[in-house]
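Reproduced below: run-v7.cif, with mmCIF, C-alpha atoms.
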```cif
data_input
#
loop_
_atom_site.label_atom_id
_atom_site.label_comp_id
_atom_site.auth_asym_id
_atom_site.auth_seq_id
_atom_site.Cartn_x
_atom_site.Cartn_y
_atom_site.Cartn_z
CA MET A 744 0.00 0.00 0.00
CA TRP A 745 1.35 3.39 -0.96
CA ARG A 746 1.49 6.26 1.49
CA CYS A 747 1.81 9.97 0.78
CA ALA A 748 1.61 13.06 2.91
CA LEU A 749 -0.78 15.05 0.76
CA PRO A 750 -3.66 16.75 2.62
CA PRO A 751 -7.16 15.57 1.67
CA LEU A 752 -8.52 17.11 -1.52
CA LEU A 753 -11.41 19.38 -0.60
CA ARG A 754 -12.32 20.53 -4.12
CA TYR A 755 -11.73 19.69 -7.74
CA PRO A 756 -8.70 21.28 -9.46
CA THR A 757 -9.33 23.73 -12.28
CA VAL A 758 -7.52 23.56 -15.62
CA ASP A 759 -4.88 26.03 -14.51
CA GLU A 760 -4.40 24.33 -11.14
CA LEU A 761 -3.85 20.97 -12.83
CA GLY A 762 -0.96 22.38 -14.84
CA ALA A 763 0.48 24.32 -11.94
CA ARG A 764 0.43 21.38 -9.54
CA ALA A 765 1.98 19.07 -12.12
CA ALA A 766 4.73 21.60 -12.81
CA ALA A 767 5.38 21.98 -9.08
CA LEU A 768 5.74 18.22 -8.73
CA VAL A 769 8.27 18.11 -11.58
CA ALA A 770 10.23 20.99 -10.08
CA ARG A 771 10.35 19.14 -6.77
CA ARG A 772 11.22 15.73 -8.25
CA PRO A 773 12.85 16.38 -11.65
CA ARG A 774 14.61 13.00 -11.78
CA ASP A 775 11.38 11.09 -11.25
CA ALA A 776 8.79 13.13 -13.15
CA ARG A 777 8.62 14.90 -16.50
CA LEU A 778 6.01 17.19 -18.02
CA ARG A 779 5.64 17.76 -21.73
CA ARG A 780 3.11 19.47 -23.92
CA VAL A 781 1.58 16.83 -26.20
CA GLY A 782 -1.15 18.85 -27.89
CA THR A 783 -3.28 21.97 -28.03
CA SER A 784 -7.04 22.18 -27.61
CA ARG A 785 -9.45 23.88 -30.00
CA ALA A 786 -9.31 27.04 -27.88
CA GLY A 787 -5.51 26.98 -27.70
CA THR A 788 -5.17 25.45 -24.23
CA PRO A 789 -2.00 23.35 -23.77
CA MET A 790 -2.51 19.64 -23.19
CA TRP A 791 0.04 18.26 -20.73
CA LEU A 792 1.37 14.76 -20.16
CA LEU A 793 2.92 14.10 -16.75
CA SER A 794 5.15 11.01 -16.72
CA VAL A 795 6.57 9.26 -13.65
CA GLY A 796 9.17 6.51 -13.74
CA HIS A 797 11.63 5.28 -16.37
CA GLY A 798 10.39 1.80 -17.18
CA SER A 799 10.09 0.37 -20.67
CA ARG A 800 6.43 -0.65 -20.27
CA GLN A 801 4.02 2.26 -20.64
CA ALA A 802 0.72 2.84 -18.85
CA LEU A 803 -1.53 5.71 -20.00
CA VAL A 804 -4.10 7.35 -17.73
CA VAL A 805 -6.49 9.83 -19.36
CA ALA A 806 -8.26 12.39 -17.18
CA GLY A 807 -11.20 14.53 -18.14
CA PRO A 808 -12.55 12.82 -21.28
CA HIS A 809 -15.95 14.23 -20.31
CA ALA A 810 -15.88 17.90 -19.40
CA ASN A 811 -18.28 17.60 -16.45
CA GLU A 812 -16.32 14.78 -14.77
CA PRO A 813 -13.43 16.49 -12.95
CA VAL A 814 -12.54 13.73 -10.50
CA GLY A 815 -10.00 12.33 -12.99
CA GLY A 816 -7.85 15.45 -12.77
CA ALA A 817 -7.59 15.11 -9.01
CA THR A 818 -6.92 11.39 -9.42
CA VAL A 819 -3.96 11.77 -11.79
CA LEU A 820 -2.35 14.25 -9.42
CA ARG A 821 -2.85 11.78 -6.60
CA LEU A 822 -1.39 8.93 -8.65
CA ALA A 823 1.65 11.03 -9.57
CA GLU A 824 2.32 11.98 -5.94
CA ARG A 825 2.03 8.36 -4.88
CA ALA A 826 4.35 7.16 -7.64
CA VAL A 827 7.12 9.63 -6.80
CA ALA A 828 6.71 8.91 -3.09
CA ASP A 829 7.41 5.20 -3.73
CA PRO A 830 9.36 4.71 -6.99
CA ARG A 831 9.48 0.95 -6.31
CA PHE A 832 6.01 0.68 -7.77
CA THR A 833 7.08 1.68 -11.28
CA GLU A 834 10.61 0.31 -10.96
CA GLY A 835 9.39 -3.08 -9.82
CA ALA A 836 7.11 -3.33 -12.86
CA ASP A 837 9.65 -1.83 -15.30
CA ALA A 838 6.87 0.67 -16.06
CA THR A 839 6.31 4.35 -16.71
CA LEU A 840 3.10 6.00 -15.62
CA ASN A 841 1.89 8.56 -18.21
CA LEU A 842 -0.86 10.87 -17.01
CA LEU A 843 -2.79 13.10 -19.43
CA LEU A 844 -4.02 15.90 -17.20
CA SER A 845 -7.17 16.69 -19.21
CA LEU A 846 -8.45 15.45 -22.55
CA ASP A 847 -11.02 18.26 -22.80
CA PRO A 848 -9.52 21.27 -21.01
CA ASP A 849 -11.82 23.73 -22.78
CA GLY A 850 -14.88 21.84 -21.62
CA LEU A 851 -13.48 21.56 -18.10
CA ARG A 852 -13.05 25.32 -18.03
CA ARG A 853 -16.73 25.75 -18.94
CA ASN A 854 -17.63 23.82 -15.78
CA GLU A 855 -15.77 26.15 -13.45
CA GLY A 856 -19.08 27.70 -12.36
CA TRP A 857 -19.59 24.73 -10.05
CA LEU A 858 -16.13 23.16 -9.97
CA THR A 859 -14.88 24.80 -6.79
CA GLY A 860 -18.13 24.36 -4.84
CA PRO A 861 -20.29 24.48 -2.90
CA TYR A 862 -21.33 21.06 -4.19
CA THR A 863 -25.09 20.94 -4.47
CA LEU A 864 -27.14 19.22 -7.16
CA GLY A 865 -28.76 22.50 -8.19
CA ARG A 866 -25.44 24.31 -8.54
CA TYR A 867 -23.98 21.42 -10.51
CA PHE A 868 -26.78 21.09 -13.05
CA ARG A 869 -27.24 24.87 -13.54
CA ASN A 870 -23.54 25.08 -14.45
CA PHE A 871 -23.20 21.70 -16.16
CA PHE A 872 -21.50 21.57 -19.55
CA ARG A 873 -20.66 18.68 -21.81
CA PRO A 874 -20.27 19.25 -25.55
CA GLY A 875 -22.49 17.62 -28.14
CA PHE A 876 -21.69 14.05 -29.14
CA LEU A 877 -19.64 14.99 -32.20
CA GLU A 878 -17.47 17.30 -30.06
CA GLN A 879 -16.54 14.71 -27.43
CA PRO A 880 -12.88 13.77 -27.93
CA GLU A 881 -13.03 10.09 -26.95
CA TRP A 882 -15.41 9.13 -29.77
CA LEU A 883 -14.46 8.37 -33.35
CA PRO A 884 -17.70 8.83 -35.34
CA ASP A 885 -15.72 8.84 -38.61
CA GLY A 886 -13.07 6.37 -37.50
CA ALA A 887 -9.52 7.11 -36.40
CA ALA A 888 -8.47 8.26 -39.87
CA GLY A 889 -11.27 10.82 -39.91
CA ALA A 890 -10.69 12.20 -36.42
CA ALA A 891 -10.81 15.98 -36.72
CA LEU A 892 -10.72 17.28 -33.14
CA PRO A 893 -7.18 18.21 -32.05
CA GLU A 894 -7.84 16.69 -28.63
CA THR A 895 -8.76 13.38 -30.25
CA ARG A 896 -5.71 13.42 -32.51
CA THR A 897 -3.52 14.12 -29.47
CA LEU A 898 -4.84 11.04 -27.71
CA LEU A 899 -4.58 8.82 -30.79
CA ASP A 900 -0.99 9.94 -31.35
CA LEU A 901 -0.13 9.20 -27.72
CA GLN A 902 -1.64 5.74 -27.95
CA ASP A 903 0.32 4.93 -31.09
CA GLU A 904 3.54 6.34 -29.65
CA LEU A 905 3.35 4.65 -26.26
CA ARG A 906 1.54 1.44 -27.20
CA PRO A 907 0.53 1.13 -23.56
CA PHE A 908 -0.10 -2.21 -21.91
CA LEU A 909 -2.86 -0.43 -19.93
CA GLN A 910 -5.01 2.59 -20.66
CA CYS A 911 -7.29 3.95 -17.95
CA SER A 912 -9.98 6.44 -18.93
CA LEU A 913 -11.13 8.32 -15.84
CA HIS A 914 -14.84 9.09 -15.77
CA GLY A 915 -17.26 10.36 -13.15
CA VAL A 916 -20.86 9.40 -12.47
CA ASP A 917 -22.78 12.45 -11.33
CA VAL A 918 -25.47 10.41 -9.52
CA GLY A 919 -25.27 6.65 -8.95
CA GLY A 920 -22.36 4.35 -8.16
CA GLY A 921 -18.91 3.24 -9.21
CA PHE A 922 -18.16 0.64 -11.86
CA VAL A 923 -15.49 -0.38 -14.38
CA GLU A 924 -15.69 -1.21 -18.09
CA LEU A 925 -12.93 -3.29 -19.73
CA THR A 926 -11.91 -4.16 -23.27
CA HIS A 927 -10.14 -7.29 -21.90
CA ASP A 928 -10.87 -9.21 -18.74
CA LEU A 929 -8.61 -8.60 -15.74
CA PRO A 930 -9.35 -11.55 -13.45
CA GLY A 931 -9.49 -10.43 -9.83
CA LEU A 932 -10.48 -6.84 -10.53
CA ALA A 933 -14.10 -7.24 -9.40
CA GLY A 934 -12.93 -8.38 -5.98
CA ARG A 935 -10.52 -5.47 -5.69
CA VAL A 936 -13.29 -3.03 -6.67
CA ALA A 937 -15.61 -4.55 -4.07
CA HIS A 938 -12.99 -4.25 -1.33
CA THR A 939 -12.19 -0.63 -2.18
CA ALA A 940 -15.84 0.36 -2.45
CA ALA A 941 -16.68 -1.22 0.90
CA ARG A 942 -13.71 0.44 2.60
CA LEU A 943 -14.71 3.88 1.34
CA GLY A 944 -18.49 3.59 1.47
CA ILE A 945 -18.87 3.93 -2.31
CA PRO A 946 -21.93 2.16 -3.81
CA ARG A 947 -21.12 -0.14 -6.71
CA GLU A 948 -23.43 0.23 -9.69
CA LEU A 949 -24.64 -3.29 -10.47
CA GLY A 950 -26.74 -2.35 -13.50
CA PRO A 951 -25.54 0.81 -15.30
CA TYR A 952 -27.95 1.74 -18.05
CA ASP A 953 -25.20 1.99 -20.68
CA THR A 954 -24.10 -1.60 -19.98
CA LEU A 955 -27.56 -3.19 -20.13
CA TYR A 956 -26.58 -5.48 -23.00
CA TRP A 957 -22.91 -6.01 -22.07
CA PRO A 958 -21.38 -9.16 -20.54
CA SER A 959 -20.61 -8.96 -16.83
CA LEU A 960 -17.10 -9.84 -15.69
CA GLY A 961 -18.10 -9.70 -12.04
CA PRO A 962 -20.12 -7.32 -9.86
CA ALA A 963 -19.74 -3.74 -11.18
CA VAL A 964 -17.22 -4.83 -13.87
CA TYR A 965 -18.38 -5.06 -17.50
CA ARG A 966 -16.88 -6.11 -20.83
CA ILE A 967 -17.05 -3.41 -23.52
CA PRO A 968 -18.27 -4.98 -26.78
CA PRO A 969 -16.24 -4.41 -29.95
CA PRO A 970 -17.08 -1.24 -31.88
CA ARG A 971 -20.10 -1.28 -34.15
CA ILE A 972 -21.80 1.29 -36.31
CA GLY A 973 -24.65 2.78 -34.34
CA ASP A 974 -26.92 5.76 -34.20
CA LEU A 975 -26.65 8.74 -31.88
CA ALA A 976 -28.71 7.04 -29.20
CA ALA A 977 -26.33 4.09 -29.13
CA ALA A 978 -23.36 6.42 -28.92
CA ILE A 979 -24.82 8.33 -25.97
CA THR A 980 -26.31 5.40 -24.09
CA GLU A 981 -24.20 2.36 -24.85
CA ALA A 982 -20.83 3.72 -26.00
CA ALA A 983 -20.49 0.62 -28.19
CA VAL A 984 -19.18 2.66 -31.09
CA GLU A 985 -15.70 3.16 -32.44
CA SER A 986 -13.75 5.05 -29.83
CA THR A 987 -10.31 5.75 -28.42
CA TRP A 988 -10.99 2.95 -25.93
CA PHE A 989 -10.53 0.39 -28.71
CA HIS A 990 -8.01 2.22 -30.90
CA PRO A 991 -4.96 0.79 -29.04
CA TYR A 992 -6.47 -2.71 -29.01
CA ARG A 993 -4.09 -3.54 -31.89
CA HIS A 994 -1.18 -2.98 -29.53
CA GLY A 995 -2.56 -5.46 -27.00
CA THR A 996 -3.68 -2.61 -24.74
CA VAL A 997 -6.17 -3.29 -21.98
CA THR A 998 -8.48 -0.28 -21.60
CA ALA A 999 -10.24 0.24 -18.28
CA VAL A 1000 -12.94 2.90 -18.02
CA VAL A 1001 -13.10 3.75 -14.31
CA GLU A 1002 -16.30 5.45 -13.16
CA ALA A 1003 -16.39 7.19 -9.76
CA PRO A 1004 -19.63 8.73 -8.40
CA MET A 1005 -20.12 12.24 -7.05
CA TRP A 1006 -23.52 11.66 -5.43
CA GLY A 1007 -23.99 8.05 -4.34
CA VAL A 1008 -27.28 6.15 -4.41
CA ALA A 1009 -27.57 2.95 -2.37
CA ALA A 1010 -30.26 1.44 -4.60
CA VAL A 1011 -27.86 0.98 -7.54
CA GLU A 1012 -26.17 -1.76 -5.50
CA ASP A 1013 -29.39 -3.71 -4.86
CA GLY A 1014 -29.21 -6.83 -7.00
CA SER A 1015 -32.49 -8.28 -5.72
CA PRO A 1016 -35.37 -9.02 -8.12
CA PRO A 1017 -37.93 -6.19 -8.24
CA ALA A 1018 -41.51 -6.68 -7.14
CA ASP A 1019 -43.00 -5.16 -10.30
CA ALA A 1020 -40.41 -4.23 -12.92
CA ALA A 1021 -43.03 -3.38 -15.55
CA ALA A 1022 -44.66 -0.78 -13.32
CA VAL A 1023 -41.33 0.90 -12.62
CA LEU A 1024 -40.42 0.88 -16.32
CA ARG A 1025 -43.76 2.48 -17.23
CA THR A 1026 -43.17 5.23 -14.71
CA VAL A 1027 -39.61 5.85 -15.89
CA SER A 1028 -40.51 5.93 -19.60
CA HIS A 1029 -43.63 8.06 -19.14
CA THR A 1030 -41.72 10.48 -16.91
CA LEU A 1031 -38.98 10.86 -19.52
CA ARG A 1032 -41.54 11.59 -22.23
CA ASP A 1033 -43.30 14.17 -20.04
CA ASP A 1034 -40.02 15.84 -19.09
CA THR A 1035 -38.95 15.94 -22.73
CA ARG A 1036 -42.18 17.61 -23.81
CA LEU A 1037 -41.79 20.28 -21.12
CA LEU A 1038 -38.24 21.00 -22.24
CA GLU A 1039 -39.16 21.08 -25.93
CA VAL A 1040 -41.80 23.72 -25.20
CA LEU A 1041 -39.32 25.85 -23.26
CA LEU A 1042 -36.72 25.51 -26.03
CA ALA A 1043 -39.27 26.53 -28.66
CA ARG A 1044 -40.05 29.67 -26.64
CA LEU A 1045 -36.37 30.44 -26.15
CA ARG A 1046 -34.87 29.62 -29.55
CA PRO A 1047 -36.13 32.73 -31.46
CA HIS A 1048 -34.33 34.96 -28.93
CA LEU A 1049 -30.91 33.32 -29.12
CA ALA A 1050 -29.43 35.32 -32.01
CA GLY A 1051 -26.24 36.93 -30.77
CA THR A 1052 -26.22 34.97 -27.51
CA PRO A 1053 -22.64 34.07 -26.53
CA ASP A 1054 -21.90 30.37 -26.93
CA ALA A 1055 -25.43 29.61 -28.12
CA ALA A 1056 -24.21 27.04 -30.64
CA ALA A 1057 -22.03 25.22 -28.08
CA LEU A 1058 -24.88 25.02 -25.59
CA LEU A 1059 -27.56 24.12 -28.12
CA ALA A 1060 -25.63 21.16 -29.59
CA PRO A 1061 -25.95 18.94 -26.49
CA VAL A 1062 -29.51 20.18 -25.88
CA ASP A 1063 -30.52 19.04 -29.36
CA ASP A 1064 -28.69 15.72 -28.88
CA TYR A 1065 -30.49 14.98 -25.61
CA LEU A 1066 -33.92 15.95 -26.89
CA LEU A 1067 -33.34 13.85 -30.00
CA VAL A 1068 -32.58 10.62 -28.12
CA CYS A 1069 -35.01 10.92 -25.20
CA PRO A 1070 -38.16 9.69 -27.02
CA GLY A 1071 -36.35 6.64 -28.38
CA LEU A 1072 -35.00 5.77 -24.94
CA ALA A 1073 -38.45 6.14 -23.43
CA ASP A 1074 -39.79 3.71 -26.03
CA THR A 1075 -36.96 1.24 -25.37
CA TRP A 1076 -37.75 1.22 -21.65
CA ASP A 1077 -41.55 1.09 -22.02
CA PRO A 1078 -42.85 -2.48 -21.47
CA ASP A 1079 -45.97 -1.65 -23.49
CA ILE A 1080 -43.97 -0.90 -26.65
CA ALA A 1081 -42.41 -4.05 -28.03
CA ASP A 1082 -42.64 -3.97 -31.83
CA GLY A 1083 -39.23 -3.32 -33.40
CA ILE A 1084 -37.64 -2.48 -30.04
CA ARG A 1085 -34.64 -4.38 -28.68
CA PRO A 1086 -35.98 -6.33 -25.67
CA LEU A 1087 -34.57 -5.51 -22.28
CA PRO A 1088 -32.58 -8.19 -20.46
CA PRO A 1089 -33.76 -9.44 -17.05
CA LEU A 1090 -33.66 -6.48 -14.68
CA SER A 1091 -32.73 -6.24 -11.02
CA THR A 1092 -33.69 -3.49 -8.60
CA ALA A 1093 -30.28 -1.96 -9.33
CA HIS A 1094 -31.04 -1.81 -13.08
CA LEU A 1095 -34.35 -0.05 -12.44
CA ALA A 1096 -32.71 2.47 -10.12
CA ALA A 1097 -30.08 3.19 -12.78
CA LEU A 1098 -32.75 3.72 -15.46
CA ARG A 1099 -34.66 6.10 -13.22
CA ILE A 1100 -31.47 8.06 -12.56
CA ALA A 1101 -30.56 8.09 -16.26
CA GLY A 1102 -33.90 9.46 -17.44
CA ARG A 1103 -33.85 12.23 -14.88
CA ARG A 1104 -30.19 12.96 -15.69
CA LEU A 1105 -30.98 13.65 -19.34
CA ALA A 1106 -33.77 16.03 -18.36
CA LEU A 1107 -31.69 17.84 -15.75
CA ARG A 1108 -28.73 18.29 -18.06
CA THR A 1109 -30.99 19.74 -20.73
CA ALA A 1110 -32.67 22.09 -18.27
CA GLY A 1111 -29.27 23.21 -16.96
CA LEU A 1112 -27.96 23.97 -20.44
CA LEU A 1113 -31.12 25.94 -21.27
CA HIS A 1114 -30.67 27.82 -18.00
CA GLN A 1115 -27.16 28.81 -19.09
CA LEU A 1116 -28.45 29.95 -22.49
CA VAL A 1117 -30.66 32.44 -20.68
CA THR A 1118 -28.17 33.57 -18.06
CA SER A 1119 -25.36 33.98 -20.58
CA ALA A 1120 -27.60 36.31 -22.60
CA GLY A 1121 -28.17 38.45 -19.52
CA ARG A 1122 -31.90 38.70 -20.18
CA ASP A 1123 -34.97 36.47 -20.40
CA PRO A 1124 -37.27 37.80 -23.15
CA ALA A 1125 -39.04 34.44 -23.43
CA GLY A 1126 -39.77 34.33 -19.70
CA VAL A 1127 -38.47 30.77 -19.33
CA LEU A 1128 -36.09 31.20 -16.39
CA PRO A 1129 -38.71 30.77 -13.62
CA ASP A 1130 -39.93 27.58 -15.26
CA LEU A 1131 -36.39 26.25 -15.64
CA ASP A 1132 -35.56 27.05 -12.02
CA ARG A 1133 -38.72 25.28 -10.87
CA LEU A 1134 -37.92 22.17 -12.91
CA VAL A 1135 -34.29 22.03 -11.76
CA GLU A 1136 -35.35 22.33 -8.12
CA GLN A 1137 -38.10 19.74 -8.51
CA TRP A 1138 -35.92 17.22 -10.30
CA CYS A 1139 -32.95 17.69 -7.94
CA ALA A 1140 -35.32 17.14 -5.02
CA ASP A 1141 -36.35 13.85 -6.63
CA TYR A 1142 -32.69 12.81 -6.73
CA ARG A 1143 -32.11 13.91 -3.16
CA ASP A 1144 -35.36 12.87 -1.45
CA GLY A 1145 -36.81 10.33 -3.88
CA ILE A 1146 -33.78 8.10 -4.42
CA GLY A 1147 -31.48 9.22 -1.61
CA ALA A 1148 -28.60 10.79 -3.56
CA ARG A 1149 -25.86 11.77 -1.10
CA TRP A 1150 -22.67 13.74 -1.76
CA ILE A 1151 -19.43 11.75 -1.55
CA PRO A 1152 -16.49 13.88 -0.32
CA ILE A 1153 -13.93 14.49 -3.05
CA ALA A 1154 -11.12 12.86 -1.07
CA ARG A 1155 -13.10 9.61 -1.06
CA GLN A 1156 -13.96 9.88 -4.75
CA VAL A 1157 -10.28 10.30 -5.57
CA GLU A 1158 -9.13 7.53 -3.23
CA TYR A 1159 -11.67 5.16 -4.78
CA GLN A 1160 -10.72 5.96 -8.38
CA SER A 1161 -6.97 5.93 -7.78
CA SER A 1162 -7.21 2.62 -5.90
CA VAL A 1163 -9.13 1.01 -8.78
CA VAL A 1164 -6.55 2.32 -11.27
CA LEU A 1165 -3.72 0.88 -9.17
CA ALA A 1166 -5.52 -2.46 -8.97
CA ALA A 1167 -5.96 -2.51 -12.76
CA PHE A 1168 -2.28 -1.57 -13.15
CA GLU A 1169 -1.07 -4.37 -10.90
CA LEU A 1170 -3.24 -6.96 -12.64
CA ALA A 1171 -2.45 -5.79 -16.18
CA VAL A 1172 1.29 -5.59 -15.62
CA GLN A 1173 1.38 -9.33 -14.95
CA HIS A 1174 0.55 -9.91 -18.61
CA ALA A 1175 2.45 -7.01 -20.19
CA PRO A 1176 5.57 -7.69 -22.29
CA ALA A 1177 8.68 -5.78 -21.34
CA CYS A 1178 9.79 -3.66 -24.27
CA SER A 1179 10.14 0.01 -25.05
CA ARG A 1180 6.95 1.67 -26.21
CA SER A 1181 8.08 5.17 -27.00
CA SER A 1182 9.18 6.50 -30.36
CA GLU A 1183 10.62 9.63 -28.83
CA SER A 1184 14.40 9.61 -28.83
CA GLY A 1185 15.76 9.53 -25.30
CA TRP A 1186 12.27 9.65 -23.86
CA GLY A 1187 12.02 8.98 -20.16
CA SER A 1188 15.29 10.55 -19.09
CA GLN A 1189 15.43 14.12 -20.31
CA ALA A 1190 14.34 17.18 -18.36
CA ALA A 1191 11.03 18.74 -19.31
CA VAL A 1192 10.70 22.26 -20.66
CA PRO A 1193 9.48 24.36 -17.73
CA MET A 1194 5.91 25.59 -18.25
CA HIS A 1195 6.85 29.24 -17.90
CA LEU A 1196 9.28 28.83 -20.84
CA GLU A 1197 6.76 26.95 -23.02
#
```
Please render this file's structure as structure tokens.
Amino acid sequence: MWRCALPPLLRYPTVDELGARAAALVARRPRDARLRRVGTSRAGTPMWLLSVGHGSRQALVVAGPHANEPVGGATVLRLAERAVADPRFTEGADATLNLLLSLDPDGLRRNEGWLTGPYTLGRYFRNFFRPGFLEQPEWLPDGAAGAALPETRTLLDLQDELRPFLQCSLHGVDVGGGFVELTHDLPGLAGRVAHTAARLGIPRELGPYDTLYWPSLGPAVYRIPPPRIGDLAAAITEAAVESTWFHPYRHGTVTAVVEAPMWGVAAVEDGSPPADAAAVLRTVSHTLRDDTRLLEVLLARLRPHLAGTPDAAALLAPVDDYLLVCPGLADTWDPDIADGIRPLPPLSTAHLAALRIAGRRLALRTAGLLHQLVTSAGRDPAGVLPDLDRLVEQWCADYRDGIGARWIPIARQVEYQSSVVLAAFELAVQHAPACSRSSESGWGSQAAVPMHLE
């Protein structure tokens, strides 16, 4: 077990703090850690890779693939501090730990309205931002060769340069529980996840809605199916499309997607059979349809007034995506609609809790983005803000009082995610060949260019 003297993390790091803390670590331990700029975001933000150790086998950890999931940034800093505090971990495995501080730094910056707290559901959803599907850097809607986003190209280039034996993509669940998705099985990981979750009081999600049709590798651990061509709904809900998770598969890379919750819900860990699954599914699907209709009306009132509104296009893209997929999801979950719909697998109480959370999540994200469209304009000519505030409060209360969503302190979120990454590392390294994976001459030994000279 690693030990480090860092104080508990009380809030999520911002984009600038991620870079500054990484640079401070390198300045303090220049022989053990290096920092290099590996790319530039669409808005011109530097993308930094922090590397610890000098081993020939490369591990890649990617923080911030989704803009609204900041726990990964805190986790990579924690992992780096632990690795320099005990170099035997990387030395013993002949490994180098490569930590991408943020895959979507521009999106992370857009979340800074809630990032530093206070952490309430209402504050989070009113300031939530995640780009539309086509602007999310982990996905490859046109395949790797057609990847256009500079953030995506940065990650693809890193994967092809390092050929890592392990890639960990660090995600956050806003409301629910923790779970892991794998491209290859790592026997023993489910037990390690269970131990860590129990130690930290983190609920494990035993039926995430985006893994409904995926094989289980153990409680809260799921096998990601190979990429397939799918529609937007599949991309948003199942993630079984071509992505950067599978791109390094050709190198023998094991990819682990590690999900850590912000607000935990005990019901997502209840694997018991439900008393009346059909009744719950009807309620969930009908509620999603009703919420969608309310939001569509508000958007129709607001849209004519958006000309000249700052960032209207960026905020409207995810709104349109969510409103497009909601009716189809409601139909998929409705037990009274069967013709032409993929049948649901047998469902536990945990599955039903996850579906209820997912439907409400889509509505709350949409309402929060519409709220920002109004507040960023500085005026409300359509008179929608009171309605949006009422809906956000009502739906957050349902999370809080209806399903028992409770805030998990950031220190525990980070400890959970970093412990799962370390478990995946230890299991994957047992099967990793020892050979150099970097095409950069002299990589792993040279001093980094200081950030202030970049």
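Minimum distance to Leu1090 of chain A across A:Pro969, A:Gly950, A:Pro1152, A:Gly1102 (counting only C-alpha atoms) occurs at A:Gly950.
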Once the PyMOL selection byres ((chain A and resi 813) around 12) is applied to the coordinates I shared, what remains selected? I want it as a CSV table (one decimal) with C-alpha atoms, in the coordinates of the input.
```
chain,number,residue,atom,x,y,z
A,754,ARG,CA,-12.3,20.5,-4.1
A,755,TYR,CA,-11.7,19.7,-7.7
A,756,PRO,CA,-8.7,21.3,-9.5
A,757,THR,CA,-9.3,23.7,-12.3
A,758,VAL,CA,-7.5,23.6,-15.6
A,761,LEU,CA,-3.8,21.0,-12.8
A,805,VAL,CA,-6.5,9.8,-19.4
A,806,ALA,CA,-8.3,12.4,-17.2
A,807,GLY,CA,-11.2,14.5,-18.1
A,808,PRO,CA,-12.6,12.8,-21.3
A,809,HIS,CA,-16.0,14.2,-20.3
A,810,ALA,CA,-15.9,17.9,-19.4
A,811,ASN,CA,-18.3,17.6,-16.4
A,812,GLU,CA,-16.3,14.8,-14.8
A,814,VAL,CA,-12.5,13.7,-10.5
A,815,GLY,CA,-10.0,12.3,-13.0
A,816,GLY,CA,-7.8,15.4,-12.8
A,817,ALA,CA,-7.6,15.1,-9.0
A,818,THR,CA,-6.9,11.4,-9.4
A,819,VAL,CA,-4.0,11.8,-11.8
A,820,LEU,CA,-2.4,14.2,-9.4
A,844,LEU,CA,-4.0,15.9,-17.2
A,845,SER,CA,-7.2,16.7,-19.2
A,846,LEU,CA,-8.4,15.4,-22.6
A,847,ASP,CA,-11.0,18.3,-22.8
A,848,PRO,CA,-9.5,21.3,-21.0
A,850,GLY,CA,-14.9,21.8,-21.6
A,851,LEU,CA,-13.5,21.6,-18.1
A,852,ARG,CA,-13.0,25.3,-18.0
A,853,ARG,CA,-16.7,25.8,-18.9
A,854,ASN,CA,-17.6,23.8,-15.8
A,855,GLU,CA,-15.8,26.2,-13.4
A,857,TRP,CA,-19.6,24.7,-10.0
A,858,LEU,CA,-16.1,23.2,-10.0
A,859,THR,CA,-14.9,24.8,-6.8
A,867,TYR,CA,-24.0,21.4,-10.5
A,871,PHE,CA,-23.2,21.7,-16.2
A,872,PHE,CA,-21.5,21.6,-19.6
A,873,ARG,CA,-20.7,18.7,-21.8
A,913,LEU,CA,-11.1,8.3,-15.8
A,914,HIS,CA,-14.8,9.1,-15.8
A,915,GLY,CA,-17.3,10.4,-13.2
A,916,VAL,CA,-20.9,9.4,-12.5
A,917,ASP,CA,-22.8,12.4,-11.3
A,1002,GLU,CA,-16.3,5.4,-13.2
A,1003,ALA,CA,-16.4,7.2,-9.8
A,1004,PRO,CA,-19.6,8.7,-8.4
A,1005,MET,CA,-20.1,12.2,-7.0
A,1153,ILE,CA,-13.9,14.5,-3.0
A,1156,GLN,CA,-14.0,9.9,-4.8
A,1157,VAL,CA,-10.3,10.3,-5.6
A,1160,GLN,CA,-10.7,6.0,-8.4
```
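Here the question is which of A:Ile967, A:Val997, A:Ala1022, A:Val1163 gets nearest to Pro1078 of chain A using all atoms listed in the file, and that residue is A:Ala1022.
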Rows by chain and residue number, segment 999-1025 of chain A within 6 Å of segment 922-939 of chain A, shortest pair, only C-alpha atoms, as JSON lines:
```
{"residue": "A:Ala999", "atom": "CA", "partner": "A:Leu925", "partner_atom": "CA", "distance": 4.7}
{"residue": "A:Val1000", "atom": "CA", "partner": "A:Glu924", "partner_atom": "CA", "distance": 4.9}
{"residue": "A:Val1001", "atom": "CA", "partner": "A:Val923", "partner_atom": "CA", "distance": 4.8}
{"residue": "A:Glu1002", "atom": "CA", "partner": "A:Phe922", "partner_atom": "CA", "distance": 5.3}
```
Export of prior selection with C-alpha atoms as a PDB file, in the coordinates of the input:
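Once written, selection.pdb looks like this:
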```pdb
ATOM      1  CA  ALA A 999     -10.240   0.240 -18.280  1.00  0.00           C
ATOM      2  CA  VAL A1000     -12.940   2.900 -18.020  1.00  0.00           C
ATOM      3  CA  VAL A1001     -13.100   3.750 -14.310  1.00  0.00           C
ATOM      4  CA  GLU A1002     -16.300   5.450 -13.160  1.00  0.00           C
TER       5      GLU A1002
END
```
Subject >> Proximity to Leu883 of chain A - best of A:Arg785, A:His990, A:Arg1122, A:Arg780, only C-alpha atoms >> reply: A:His990
